[in-house]
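Student: Below is entry-v1.pdb; it holds PDB, C-alpha atoms (C1' of nucleotides).
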MODEL        1
ATOM      1  CA  MET A   1     110.777  77.149  78.633
ATOM      2  CA  LYS A   2     112.082  76.763  82.173
ATOM      3  CA  GLU A   3     110.379  78.856  84.798
ATOM      4  CA  LEU A   4     112.386  81.611  86.453
ATOM      5  CA  ASN A   5     112.076  81.571  90.233
ATOM      6  CA  ALA A   6     109.826  84.570  90.784
ATOM      7  CA  LEU A   7     111.278  85.293  94.200
ATOM      8  CA  LEU A   8     114.689  85.792  92.667
ATOM      9  CA  HIS A   9     113.520  87.421  89.464
ATOM     10  CA  SER A  10     113.206  90.835  91.058
ATOM     11  CA  GLN A  11     115.889  93.425  90.668
ATOM     12  CA  LEU A  12     116.354  94.236  94.312
ATOM     13  CA  ARG A  13     116.065  90.719  95.679
ATOM     14  CA  LEU A  14     118.443  89.485  93.019
ATOM     15  CA  ALA A  15     120.903  92.229  93.927
ATOM     16  CA  VAL A  16     120.700  91.278  97.587
ATOM     17  CA  MET A  17     121.271  87.613  96.828
ATOM     18  CA  SER A  18     124.093  88.483  94.488
ATOM     19  CA  ILE A  19     125.823  90.431  97.240
ATOM     20  CA  LEU A  20     125.260  87.704  99.797
ATOM     21  CA  MET A  21     126.633  85.054  97.440
ATOM     22  CA  ASN A  22     130.017  86.745  97.720
ATOM     23  CA  VAL A  23     130.379  87.676 101.361
ATOM     24  CA  ALA A  24     129.953  85.883 104.678
ATOM     25  CA  ASP A  25     127.321  88.409 105.709
ATOM     26  CA  ALA A  26     126.258  91.981 105.089
ATOM     27  CA  ASP A  27     124.252  94.443 107.118
ATOM     28  CA  PHE A  28     121.197  96.459 106.191
ATOM     29  CA  VAL A  29     123.022  99.747 105.784
ATOM     30  CA  TYR A  30     125.693  98.234 103.582
ATOM     31  CA  ILE A  31     123.184  96.516 101.300
ATOM     32  CA  LYS A  32     121.132  99.675 101.132
ATOM     33  CA  GLY A  33     124.205 101.596 100.061
ATOM     34  CA  ILE A  34     125.276  99.252  97.291
ATOM     35  CA  THR A  35     121.834  98.647  95.878
ATOM     36  CA  GLY A  36     120.607 102.207  96.251
ATOM     37  CA  ALA A  37     117.297 100.876  97.511
ATOM     38  CA  THR A  38     115.065 102.797  99.880
ATOM     39  CA  ALA A  39     114.986 101.435 103.415
ATOM     40  CA  GLY A  40     111.316 100.514 103.136
ATOM     41  CA  ASN A  41     111.714  98.556  99.978
ATOM     42  CA  LEU A  42     114.789  96.789 101.278
ATOM     43  CA  SER A  43     113.064  95.887 104.503
ATOM     44  CA  VAL A  44     110.164  94.315 102.622
ATOM     45  CA  GLN A  45     112.370  92.374 100.237
ATOM     46  CA  LEU A  46     114.633  91.078 102.991
ATOM     47  CA  ASP A  47     111.540  89.780 104.762
ATOM     48  CA  LYS A  48     110.499  87.891 101.654
ATOM     49  CA  LEU A  49     113.895  86.312 101.193
ATOM     50  CA  SER A  50     113.962  85.463 104.856
ATOM     51  CA  SER A  51     110.478  83.931 104.824
ATOM     52  CA  ALA A  52     111.511  81.747 101.920
ATOM     53  CA  GLY A  53     114.506  80.566 103.890
ATOM     54  CA  TYR A  54     116.928  82.007 101.357
ATOM     55  CA  ILE A  55     118.648  84.255 103.860
ATOM     56  CA  GLU A  56     119.029  84.472 107.610
ATOM     57  CA  VAL A  57     118.460  87.806 109.262
ATOM     58  CA  LYS A  58     119.984  88.585 112.622
ATOM     59  CA  LYS A  59     119.000  91.640 114.639
ATOM     60  CA  GLU A  60     121.284  92.833 117.397
ATOM     61  CA  PHE A  61     122.536  95.944 119.068
ATOM     62  CA  VAL A  62     126.032  97.221 118.539
ATOM     63  CA  GLY A  63     126.569  99.565 121.412
ATOM     64  CA  LYS A  64     123.309 101.442 121.332
ATOM     65  CA  LYS A  65     122.554 101.108 117.642
ATOM     66  CA  PRO A  66     120.492  98.368 116.117
ATOM     67  CA  ARG A  67     122.105  96.333 113.393
ATOM     68  CA  THR A  68     120.454  93.937 110.967
ATOM     69  CA  THR A  69     122.815  91.453 109.440
ATOM     70  CA  CYS A  70     121.984  89.086 106.568
ATOM     71  CA  ALA A  71     123.603  85.920 105.366
ATOM     72  CA  ILE A  72     122.626  83.560 102.591
ATOM     73  CA  THR A  73     121.551  80.030 103.507
ATOM     74  CA  THR A  74     122.354  76.793 101.729
ATOM     75  CA  LEU A  75     118.834  76.772 100.331
ATOM     76  CA  GLY A  76     119.315  80.306  99.089
ATOM     77  CA  ARG A  77     122.593  79.441  97.470
ATOM     78  CA  GLU A  78     121.001  76.512  95.669
ATOM     79  CA  ALA A  79     118.053  78.584  94.523
ATOM     80  CA  PHE A  80     120.362  81.264  93.217
ATOM     81  CA  CYS A  81     122.382  78.747  91.212
ATOM     82  CA  GLU A  82     119.256  77.163  89.765
ATOM     83  CA  TYR A  83     117.966  80.594  88.844
ATOM     84  CA  VAL A  84     121.169  81.385  87.018
ATOM     85  CA  GLU A  85     120.976  78.073  85.171
ATOM     86  CA  ALA A  86     117.396  78.744  84.130
ATOM     87  CA  LEU A  87     118.313  82.245  83.053
ATOM     88  CA  LYS A  88     120.958  80.923  80.726
ATOM     89  CA  GLU A  89     118.208  79.405  78.612
ATOM     90  CA  TYR A  90     116.913  82.931  78.104
ATOM     91  CA  ILE A  91     120.119  84.779  77.535
ATOM     92  CA  LYS A  92     122.170  82.038  75.893
ATOM     93  CA  LEU A  93     125.498  82.011  77.678
TER      94      LEU A  93
ATOM     95  CA  MET B   1     124.406  98.686  90.890
ATOM     96  CA  LYS B   2     123.368  98.994  87.276
ATOM     97  CA  GLU B   3     119.656  99.182  86.611
ATOM     98  CA  LEU B   4     117.994  96.294  84.831
ATOM     99  CA  ASN B   5     115.761  97.420  81.979
ATOM    100  CA  ALA B   6     112.343  96.833  83.515
ATOM    101  CA  LEU B   7     110.728  96.152  80.180
ATOM    102  CA  LEU B   8     113.033  93.223  79.617
ATOM    103  CA  HIS B   9     113.161  92.042  83.199
ATOM    104  CA  SER B  10     109.909  90.141  82.925
ATOM    105  CA  GLN B  11     109.861  86.426  82.352
ATOM    106  CA  LEU B  12     107.530  86.416  79.395
ATOM    107  CA  ARG B  13     108.895  89.476  77.619
ATOM    108  CA  LEU B  14     112.413  88.205  78.118
ATOM    109  CA  ALA B  15     111.421  84.843  76.680
ATOM    110  CA  VAL B  16     109.875  86.518  73.656
ATOM    111  CA  MET B  17     112.958  88.629  73.066
ATOM    112  CA  SER B  18     115.177  85.620  73.566
ATOM    113  CA  ILE B  19     113.284  83.744  70.884
ATOM    114  CA  LEU B  20     113.332  86.676  68.519
ATOM    115  CA  MET B  21     117.069  87.165  68.986
ATOM    116  CA  ASN B  22     117.582  83.817  67.299
ATOM    117  CA  VAL B  23     115.132  83.746  64.424
ATOM    118  CA  ALA B  24     114.225  86.101  61.592
ATOM    119  CA  ASP B  25     110.644  86.181  62.828
ATOM    120  CA  ALA B  26     108.123  84.143  64.766
ATOM    121  CA  ASP B  27     104.349  84.122  64.868
ATOM    122  CA  PHE B  28     101.978  84.444  67.786
ATOM    123  CA  VAL B  29     101.022  80.794  67.891
ATOM    124  CA  TYR B  30     104.615  79.637  67.781
ATOM    125  CA  ILE B  31     105.704  81.970  70.586
ATOM    126  CA  LYS B  32     102.683  80.979  72.617
ATOM    127  CA  GLY B  33     103.651  77.342  72.210
ATOM    128  CA  ILE B  34     107.273  77.698  73.270
ATOM    129  CA  THR B  35     106.666  80.037  76.162
ATOM    130  CA  GLY B  36     103.515  78.336  77.412
ATOM    131  CA  ALA B  37     101.940  81.751  77.911
ATOM    132  CA  THR B  38      98.218  82.360  77.730
ATOM    133  CA  ALA B  39      97.060  84.222  74.633
ATOM    134  CA  GLY B  40      95.889  87.194  76.666
ATOM    135  CA  ASN B  41      99.130  87.634  78.503
ATOM    136  CA  LEU B  42     101.145  87.207  75.340
ATOM    137  CA  SER B  43      99.025  89.737  73.508
ATOM    138  CA  VAL B  44      99.589  92.324  76.233
ATOM    139  CA  GLN B  45     103.327  91.735  76.436
ATOM    140  CA  LEU B  46     103.808  91.862  72.680
ATOM    141  CA  ASP B  47     102.043  95.202  72.694
ATOM    142  CA  LYS B  48     104.453  96.527  75.277
ATOM    143  CA  LEU B  49     107.507  95.356  73.392
ATOM    144  CA  SER B  50     106.040  96.791  70.225
ATOM    145  CA  SER B  51     105.230 100.151  71.830
ATOM    146  CA  ALA B  52     108.805 100.394  73.047
ATOM    147  CA  GLY B  53     110.016  99.756  69.518
ATOM    148  CA  TYR B  54     111.773  96.553  70.545
ATOM    149  CA  ILE B  55     109.812  94.389  68.121
ATOM    150  CA  GLU B  56     107.782  94.858  64.996
ATOM    151  CA  VAL B  57     104.420  93.196  64.780
ATOM    152  CA  LYS B  58     102.861  92.421  61.443
ATOM    153  CA  LYS B  59      99.250  91.318  61.118
ATOM    154  CA  GLU B  60      98.157  89.614  57.935
ATOM    155  CA  PHE B  61      95.827  86.953  56.643
ATOM    156  CA  VAL B  62      97.083  83.613  55.464
ATOM    157  CA  GLY B  63      94.203  82.259  53.489
ATOM    158  CA  LYS B  64      91.339  83.065  55.792
ATOM    159  CA  LYS B  65      93.216  82.933  59.057
ATOM    160  CA  PRO B  66      94.828  85.884  60.737
ATOM    161  CA  ARG B  67      98.490  85.653  61.509
ATOM    162  CA  THR B  68     100.547  87.862  63.805
ATOM    163  CA  THR B  69     104.245  87.775  63.107
ATOM    164  CA  CYS B  70     106.929  89.351  65.270
ATOM    165  CA  ALA B  71     110.496  90.336  64.568
ATOM    166  CA  ILE B  72     113.067  92.038  66.756
ATOM    167  CA  THR B  73     114.258  95.514  65.789
ATOM    168  CA  THR B  74     117.761  96.932  65.978
ATOM    169  CA  LEU B  75     116.718  98.895  69.040
ATOM    170  CA  GLY B  76     115.390  95.727  70.605
ATOM    171  CA  ARG B  77     118.561  93.865  69.877
ATOM    172  CA  GLU B  78     120.623  96.603  71.479
ATOM    173  CA  ALA B  79     118.397  96.745  74.530
ATOM    174  CA  PHE B  80     118.611  92.985  74.916
ATOM    175  CA  CYS B  81     122.399  93.046  74.791
ATOM    176  CA  GLU B  82     122.602  95.861  77.305
ATOM    177  CA  TYR B  83     120.228  94.002  79.574
ATOM    178  CA  VAL B  84     122.418  90.919  79.425
ATOM    179  CA  GLU B  85     125.481  93.012  80.222
ATOM    180  CA  ALA B  86     123.764  94.598  83.208
ATOM    181  CA  LEU B  87     122.594  91.209  84.377
ATOM    182  CA  LYS B  88     126.125  89.916  84.451
ATOM    183  CA  GLU B  89     126.856  92.278  87.301
ATOM    184  CA  TYR B  90     124.188  90.443  89.264
ATOM    185  CA  ILE B  91     125.005  86.880  88.388
ATOM    186  CA  LYS B  92     128.757  87.216  87.921
ATOM    187  CA  LEU B  93     129.540  85.568  84.652
TER     188      LEU B  93
ATOM    189  C1'  DT C   1      72.683  75.090  61.379
ATOM    190  C1'  DA C   2      74.547  74.641  65.598
ATOM    191  C1'  DA C   3      78.576  73.542  68.085
ATOM    192  C1'  DA C   4      83.392  73.732  68.470
ATOM    193  C1'  DC C   5      87.709  75.806  67.268
ATOM    194  C1'  DA C   6      91.288  79.346  65.974
ATOM    195  C1'  DA C   7      93.559  83.516  66.760
ATOM    196  C1'  DG C   8      93.585  87.030  69.117
ATOM    197  C1'  DT C   9      91.888  91.370  72.071
ATOM    198  C1'  DT C  10      89.876  93.594  76.032
ATOM    199  C1'  DT C  11      88.856  93.897  80.657
ATOM    200  C1'  DA C  12      89.210  92.625  85.395
ATOM    201  C1'  DT C  13      91.723  90.701  89.222
ATOM    202  C1'  DT C  14      95.527  89.565  91.849
ATOM    203  C1'  DT C  15     100.364  90.313  92.906
ATOM    204  C1'  DT C  16     104.348  93.024  93.211
ATOM    205  C1'  DA C  17     107.387  96.489  93.663
ATOM    206  C1'  DT C  18     108.088 100.710  95.460
ATOM    207  C1'  DA C  19     107.698 104.811  97.991
ATOM    208  C1'  DA C  20     105.794 107.528 101.563
ATOM    209  C1'  DA C  21     104.842 107.951 106.158
ATOM    210  C1'  DC C  22     105.943 106.697 110.464
ATOM    211  C1'  DC C  23     108.568 105.245 114.891
ATOM    212  C1'  DA C  24     112.075 104.933 118.607
ATOM    213  C1'  DA C  25     116.347 105.966 120.102
ATOM    214  C1'  DA C  26     120.715 108.363 119.723
ATOM    215  C1'  DA C  27     123.549 112.127 118.354
ATOM    216  C1'  DA C  28     124.277 116.755 117.261
ATOM    217  C1'  DT C  29     123.314 121.515 117.896
ATOM    218  C1'  DA C  30     121.560 125.859 119.574
TER     219       DA C  30
ATOM    220  C1'  DT D   1     119.406 121.249 128.425
ATOM    221  C1'  DA D   2     115.817 121.543 125.123
ATOM    222  C1'  DT D   3     115.252 120.876 120.367
ATOM    223  C1'  DT D   4     116.393 119.387 116.009
ATOM    224  C1'  DT D   5     118.529 116.016 113.041
ATOM    225  C1'  DT D   6     120.171 111.612 112.040
ATOM    226  C1'  DT D   7     120.201 106.584 112.216
ATOM    227  C1'  DG D   8     118.150 102.321 111.451
ATOM    228  C1'  DG D   9     114.738 100.580 110.500
ATOM    229  C1'  DT D  10     109.042  98.988 110.021
ATOM    230  C1'  DT D  11     104.350  99.616 108.461
ATOM    231  C1'  DT D  12     101.072 101.181 105.374
ATOM    232  C1'  DA D  13      99.490 103.029 101.004
ATOM    233  C1'  DT D  14      99.915 103.497  96.079
ATOM    234  C1'  DA D  15     101.262 102.595  91.452
ATOM    235  C1'  DA D  16     102.445  99.339  88.221
ATOM    236  C1'  DA D  17     102.625  94.545  86.471
ATOM    237  C1'  DA D  18     101.555  90.061  85.477
ATOM    238  C1'  DT D  19      98.089  87.087  84.645
ATOM    239  C1'  DA D  20      93.729  85.052  83.781
ATOM    240  C1'  DA D  21      89.004  85.293  82.530
ATOM    241  C1'  DA D  22      85.765  86.775  79.413
ATOM    242  C1'  DC D  23      84.799  88.239  75.005
ATOM    243  C1'  DT D  24      85.091  88.892  69.692
ATOM    244  C1'  DT D  25      85.211  87.618  64.956
ATOM    245  C1'  DG D  26      85.380  84.541  61.757
ATOM    246  C1'  DT D  27      86.016  79.395  60.280
ATOM    247  C1'  DT D  28      85.613  74.679  60.272
ATOM    248  C1'  DT D  29      83.261  70.553  61.387
ATOM    249  C1'  DA D  30      79.599  67.473  62.904
TER     250       DA D  30
ENDMDL
END
Let me see the structure of the file written as structure tokens.

Tutor:
Amino acid sequence: MKELNALLHSQLRLAVMSILMNVADADFVYIKGITGATAGNLSVQLDKLSSAGYIEVKKEFVGKKPRTTCAITTLGREAFCEYVEALKEYIKL
Amino acid sequence: MKELNALLHSQLRLAVMSILMNVADADFVYIKGITGATAGNLSVQLDKLSSAGYIEVKKEFVGKKPRTTCAITTLGREAFCEYVEALKEYIKL
DNA sequence: TAAACAAGTTTATTTTATAAACCAAAAATA
DNA sequence: TATTTTTGGTTTATAAAATAAACTTGTTTA
């Protein structure tokens, strides 16, 4: 059977990628809210996606508050689509 | 976002359940062949699915050789379907 | 009869996911 | 204005998982 991309086959990382597939970008607080993840866990998982080149993470200040914004990359988009294709073999759609 | 059943959100266990969704039963050697899993890993994962009541495992002798046969239960079937439904929220199908 | 094989199980190791603890700065409050 | 709380995270520690390696029991084969 086809392998499932282990980086994507994780609930939180998959949720993040799923969100980013449908918006231009999303910030840390927003993603945290939708996924219900703890900040620590989210921080770690965003790093992994970023290291893999699946997302781009931008850190800036808005006024005096820091803001971390994420956007999916072309590579990430491709990986996500391949993952979904592979998954279909498992869940027969 | 909906939670993904952690017991099913594992490549090998999902593969096993996927196989068992489509056949009356399947034996250890057959599942091992299709999934490409090692015997040890498969043994452990079958135990987990069995403990959760998602599959039934029957051990018998065919001639002089042992045979382990697995079949999905109603509970397992339901859990699989719910998992697939939850997953759709992530992969938008 | 010794070596290799079959069908698993058990145990140990490596990864992962996750949460807990922490940090710096800003905002709210007493 | 001093202190507490909140915001927006990161780092570190822990618990859980996946996986492989080693082992077992019995069988077949050379």

Student: Evaluate the PyMOL selection byres ((chain B and resi 23-29) around 10) on the structure here and hand back the selected residues as a list of chain:residue names.

Tutor: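 On this input, the PyMOL selection byres ((chain B and resi 23-29) around 10) captures B:Val16, B:Ser18, B:Ile19, B:Leu20, B:Met21, B:Asn22, B:Tyr30, B:Ile31, B:Lys32, B:Gly33, B:Ile34, B:Ala39, B:Leu42, B:Ser43, B:Leu46, B:Ile55, B:Glu56, B:Val57, B:Lys58, B:Lys59, B:Arg67, B:Thr68, B:Thr69, B:Cys70, B:Ala71, B:Ile72, C:DA7, C:DG8.
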
Student: Select residues of chain B: the criterion is any atom within 10 Å of an atom of chain D, counting only C-alpha atoms (C1' of nucleotides); output as a PyMOL selection string.

Tutor: chain B and resi 10-12+37-42+44-45+64-66

Student: Would you mind exporting the chosen residues as a PDB file, in the coordinates of the input, restricted to C-alpha atoms?

Tutor:
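Result file part.pdb:
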ATOM      1  CA  SER B  10     109.909  90.141  82.925  1.00  0.00           C
ATOM      2  CA  GLN B  11     109.861  86.426  82.352  1.00  0.00           C
ATOM      3  CA  LEU B  12     107.530  86.416  79.395  1.00  0.00           C
ATOM      4  CA  ALA B  37     101.940  81.751  77.911  1.00  0.00           C
ATOM      5  CA  THR B  38      98.218  82.360  77.730  1.00  0.00           C
ATOM      6  CA  ALA B  39      97.060  84.222  74.633  1.00  0.00           C
ATOM      7  CA  GLY B  40      95.889  87.194  76.666  1.00  0.00           C
ATOM      8  CA  ASN B  41      99.130  87.634  78.503  1.00  0.00           C
ATOM      9  CA  LEU B  42     101.145  87.207  75.340  1.00  0.00           C
ATOM     10  CA  VAL B  44      99.589  92.324  76.233  1.00  0.00           C
ATOM     11  CA  GLN B  45     103.327  91.735  76.436  1.00  0.00           C
ATOM     12  CA  LYS B  64      91.339  83.065  55.792  1.00  0.00           C
ATOM     13  CA  LYS B  65      93.216  82.933  59.057  1.00  0.00           C
ATOM     14  CA  PRO B  66      94.828  85.884  60.737  1.00  0.00           C
TER      15      PRO B  66
END

Student: Identify every residue of chain C that has at least one atom within 12 Å of any atom of chain A, counting only C-alpha atoms (C1' of nucleotides), and report the result as a CSV table (one decimal) with C-alpha atoms (C1' of nucleotides), keeping the file's coordinate frame.

Tutor:
chain,number,residue,atom,x,y,z
C,15,DT,C1',100.4,90.3,92.9
C,16,DT,C1',104.3,93.0,93.2
C,17,DA,C1',107.4,96.5,93.7
C,18,DT,C1',108.1,100.7,95.5
C,19,DA,C1',107.7,104.8,98.0
C,20,DA,C1',105.8,107.5,101.6
C,21,DA,C1',104.8,108.0,106.2
C,22,DC,C1',105.9,106.7,110.5
C,24,DA,C1',112.1,104.9,118.6
C,25,DA,C1',116.3,106.0,120.1
C,26,DA,C1',120.7,108.4,119.7
C,27,DA,C1',123.5,112.1,118.4

Student: For chain B against chain A, which residues fall within 7 Å using all atoms listed in the file, given as an mmCIF file with C-alpha atoms, keeping the file's coordinate frame?

Tutor:
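Okay, this is what ended up in result26.cif:
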data_model
loop_
_atom_site.group_PDB
_atom_site.id
_atom_site.type_symbol
_atom_site.label_atom_id
_atom_site.label_comp_id
_atom_site.auth_asym_id
_atom_site.auth_seq_id
_atom_site.Cartn_x
_atom_site.Cartn_y
_atom_site.Cartn_z
ATOM 1 C CA MET B 1 124.406 98.686 90.890
ATOM 2 C CA LEU B 4 117.994 96.294 84.831
ATOM 3 C CA GLN B 11 109.861 86.426 82.352
ATOM 4 C CA LEU B 14 112.413 88.205 78.118
ATOM 5 C CA ALA B 15 111.421 84.843 76.680
ATOM 6 C CA SER B 18 115.177 85.620 73.566
ATOM 7 C CA ILE B 34 107.273 77.698 73.270
ATOM 8 C CA THR B 35 106.666 80.037 76.162
ATOM 9 C CA VAL B 84 122.418 90.919 79.425
ATOM 10 C CA TYR B 90 124.188 90.443 89.264
ATOM 11 C CA ILE B 91 125.005 86.880 88.388
#

Student: CA of Leu7 in chain B and CA of Glu82 in chain B are how many Å apart?

Tutor: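 These two atoms are separated by 12.2 Å.
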
Student: Mind giving me the straight-line distance from CA of Ser51 in chain B to CA of Glu78 in chain B in Å, one decimal?

Tutor: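 Result for CA of Ser51 in chain B versus CA of Glu78 in chain B: 15.8 Å, one decimal.
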
Student: Please compute the C1' of DA3 in chain C-CA of Gly63 in chain B distance, one decimal, in Å.

Tutor: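 Between C1' of DA3 in chain C and CA of Gly63 in chain B the gap is 23.1 Å.
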
Student: Please enclose the listed atoms of range 23-36 of chain B in an axis-aligned box, pad each side by 8 Å, and write out the centre and the three edge lengths in Å, rounded to one decimal, as JSON.

Tutor:
{"center_x": 108.1, "center_y": 81.8, "center_z": 69.5, "size_x": 30.1, "size_y": 24.8, "size_z": 31.8}

Student: Mind dumping range 1-23 of chain C from that block, keeping N, CA and C atoms (P, O5', C5', C4', C3', O3' and C1' of nucleotides), as a compact mmCIF listing (two decimals), in the first residue's frame?

Tutor:
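selection35.txt written:
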# COMPACT_ATOMS: atom_id res chain seq x y z
P DT C 1 19.72 -37.49 15.74
O5' DT C 1 21.18 -36.93 15.83
C5' DT C 1 21.98 -36.81 14.59
C4' DT C 1 21.97 -35.37 14.09
C3' DT C 1 21.32 -34.36 15.03
O3' DT C 1 21.93 -33.09 14.83
C1' DT C 1 20.23 -34.28 13.00
P DA C 2 22.97 -32.42 15.81
O5' DA C 2 23.48 -31.18 14.94
C5' DA C 2 24.04 -31.43 13.66
C4' DA C 2 23.44 -30.48 12.63
C3' DA C 2 23.22 -29.06 13.14
O3' DA C 2 23.73 -28.21 12.14
C1' DA C 2 21.25 -29.84 12.12
P DA C 3 24.09 -26.67 12.46
O5' DA C 3 23.36 -25.93 11.26
C5' DA C 3 23.43 -26.50 9.95
C4' DA C 3 22.25 -26.05 9.13
C3' DA C 3 21.92 -24.57 9.30
O3' DA C 3 21.81 -24.02 8.01
C1' DA C 3 19.98 -25.88 9.60
P DA C 4 21.64 -22.47 7.76
O5' DA C 4 20.12 -22.38 7.30
C5' DA C 4 19.67 -23.22 6.23
C4' DA C 4 18.17 -23.16 6.15
C3' DA C 4 17.60 -21.74 6.16
O3' DA C 4 16.70 -21.65 5.08
C1' DA C 4 16.49 -23.08 7.76
P DC C 5 15.97 -20.29 4.69
O5' DC C 5 14.48 -20.55 5.21
C5' DC C 5 13.82 -21.74 4.80
C4' DC C 5 12.50 -21.85 5.54
C3' DC C 5 11.71 -20.53 5.59
O3' DC C 5 10.42 -20.80 5.08
C1' DC C 5 11.80 -21.55 7.72
P DA C 6 9.39 -19.60 4.77
O5' DA C 6 8.24 -19.89 5.82
C5' DA C 6 7.81 -21.21 6.07
C4' DA C 6 6.77 -21.18 7.18
C3' DA C 6 5.93 -19.91 7.22
O3' DA C 6 4.59 -20.33 7.43
C1' DA C 6 7.03 -20.22 9.31
P DA C 7 3.38 -19.33 7.32
O5' DA C 7 3.19 -18.85 8.83
C5' DA C 7 2.61 -19.75 9.78
C4' DA C 7 2.58 -19.10 11.13
C3' DA C 7 2.05 -17.64 11.12
O3' DA C 7 1.22 -17.43 12.25
C1' DA C 7 4.10 -17.69 12.17
P DG C 8 -0.10 -16.53 12.14
O5' DG C 8 0.24 -15.08 12.70
C5' DG C 8 1.53 -14.71 13.14
C4' DG C 8 1.81 -15.20 14.54
C3' DG C 8 1.76 -14.10 15.58
O3' DG C 8 1.03 -14.46 16.74
C1' DG C 8 3.94 -15.09 15.50
P DT C 9 0.67 -13.24 17.77
O5' DT C 9 1.92 -13.30 18.75
C5' DT C 9 2.14 -14.46 19.54
C4' DT C 9 3.24 -14.18 20.55
C3' DT C 9 2.98 -12.96 21.43
O3' DT C 9 3.32 -13.36 22.77
C1' DT C 9 5.07 -12.73 20.36
P DT C 10 3.05 -12.33 23.98
O5' DT C 10 4.51 -11.77 24.28
C5' DT C 10 5.61 -12.67 24.30
C4' DT C 10 6.90 -11.91 24.57
C3' DT C 10 6.76 -10.72 25.52
O3' DT C 10 7.76 -10.87 26.50
C1' DT C 10 7.81 -10.03 23.51
P DT C 11 8.13 -9.72 27.56
O5' DT C 11 9.25 -8.87 26.80
C5' DT C 11 10.49 -9.47 26.51
C4' DT C 11 11.40 -8.43 25.89
C3' DT C 11 11.58 -7.16 26.71
O3' DT C 11 12.96 -6.84 26.62
C1' DT C 11 10.91 -6.59 24.55
P DA C 12 13.62 -5.77 27.63
O5' DA C 12 14.24 -4.77 26.56
C5' DA C 12 14.95 -5.32 25.44
C4' DA C 12 15.15 -4.23 24.42
C3' DA C 12 15.54 -2.88 25.00
O3' DA C 12 16.62 -2.42 24.21
C1' DA C 12 13.66 -2.62 23.60
P DT C 13 17.38 -1.07 24.59
O5' DT C 13 16.98 -0.15 23.33
C5' DT C 13 17.08 -0.71 22.02
C4' DT C 13 16.51 0.28 21.03
C3' DT C 13 16.89 1.73 21.30
O3' DT C 13 17.26 2.29 20.07
C1' DT C 13 14.56 1.56 21.08
P DT C 14 18.15 3.61 20.02
O5' DT C 14 17.32 4.48 18.98
C5' DT C 14 16.63 3.81 17.93
C4' DT C 14 15.39 4.58 17.58
C3' DT C 14 15.57 6.09 17.53
O3' DT C 14 15.24 6.46 16.22
C1' DT C 14 13.55 5.52 18.64
P DT C 15 15.54 7.90 15.62
O5' DT C 15 14.07 8.46 15.32
C5' DT C 15 13.09 8.19 16.31
C4' DT C 15 11.73 8.31 15.72
C3' DT C 15 11.36 9.74 15.40
O3' DT C 15 10.38 9.70 14.39
C1' DT C 15 10.19 8.99 17.34
P DT C 16 9.86 11.06 13.69
O5' DT C 16 8.38 11.18 14.27
C5' DT C 16 8.15 10.73 15.56
C4' DT C 16 6.71 10.97 15.95
C3' DT C 16 6.25 12.42 15.81
O3' DT C 16 4.93 12.40 15.27
C1' DT C 16 6.29 11.74 18.12
P DA C 17 4.08 13.70 15.03
O5' DA C 17 3.32 13.83 16.42
C5' DA C 17 2.55 12.73 16.87
C4' DA C 17 1.95 13.03 18.24
C3' DA C 17 1.21 14.35 18.33
O3' DA C 17 -0.03 14.08 18.99
C1' DA C 17 2.89 14.25 20.00
P DT C 18 -1.13 15.19 19.18
O5' DT C 18 -0.71 15.79 20.60
C5' DT C 18 -0.70 14.91 21.73
C4' DT C 18 -0.14 15.63 22.93
C3' DT C 18 -0.68 17.04 23.15
O3' DT C 18 -1.63 16.95 24.20
C1' DT C 18 1.65 16.84 23.65
P DA C 19 -2.31 18.25 24.84
O5' DA C 19 -1.43 18.54 26.14
C5' DA C 19 -1.03 17.43 26.94
C4' DA C 19 -0.02 17.88 27.97
C3' DA C 19 -0.42 19.13 28.72
O3' DA C 19 0.00 18.95 30.06
C1' DA C 19 1.67 19.48 27.70
P DA C 20 -0.64 19.83 31.25
O5' DA C 20 0.64 20.22 32.11
C5' DA C 20 1.77 19.34 32.13
C4' DA C 20 3.04 20.15 32.37
C3' DA C 20 2.83 21.38 33.23
O3' DA C 20 3.88 21.38 34.19
C1' DA C 20 3.92 21.99 31.22
P DA C 21 3.90 22.46 35.41
O5' DA C 21 5.11 23.38 34.93
C5' DA C 21 6.35 22.76 34.57
C4' DA C 21 7.24 23.78 33.92
C3' DA C 21 7.27 25.13 34.66
O3' DA C 21 8.64 25.44 34.89
C1' DA C 21 6.91 25.45 32.34
P DC C 22 9.07 26.75 35.74
O5' DC C 22 9.43 27.76 34.56
C5' DC C 22 10.40 27.36 33.59
C4' DC C 22 10.33 28.31 32.41
C3' DC C 22 10.51 29.79 32.77
O3' DC C 22 11.79 30.20 32.34
C1' DC C 22 8.86 29.44 31.06
P DC C 23 12.38 31.63 32.85
O5' DC C 23 12.00 32.59 31.63
C5' DC C 23 12.43 32.27 30.31
C4' DC C 23 11.90 33.31 29.35
C3' DC C 23 11.94 34.74 29.92
O3' DC C 23 12.66 35.57 29.04
C1' DC C 23 9.81 34.26 28.96
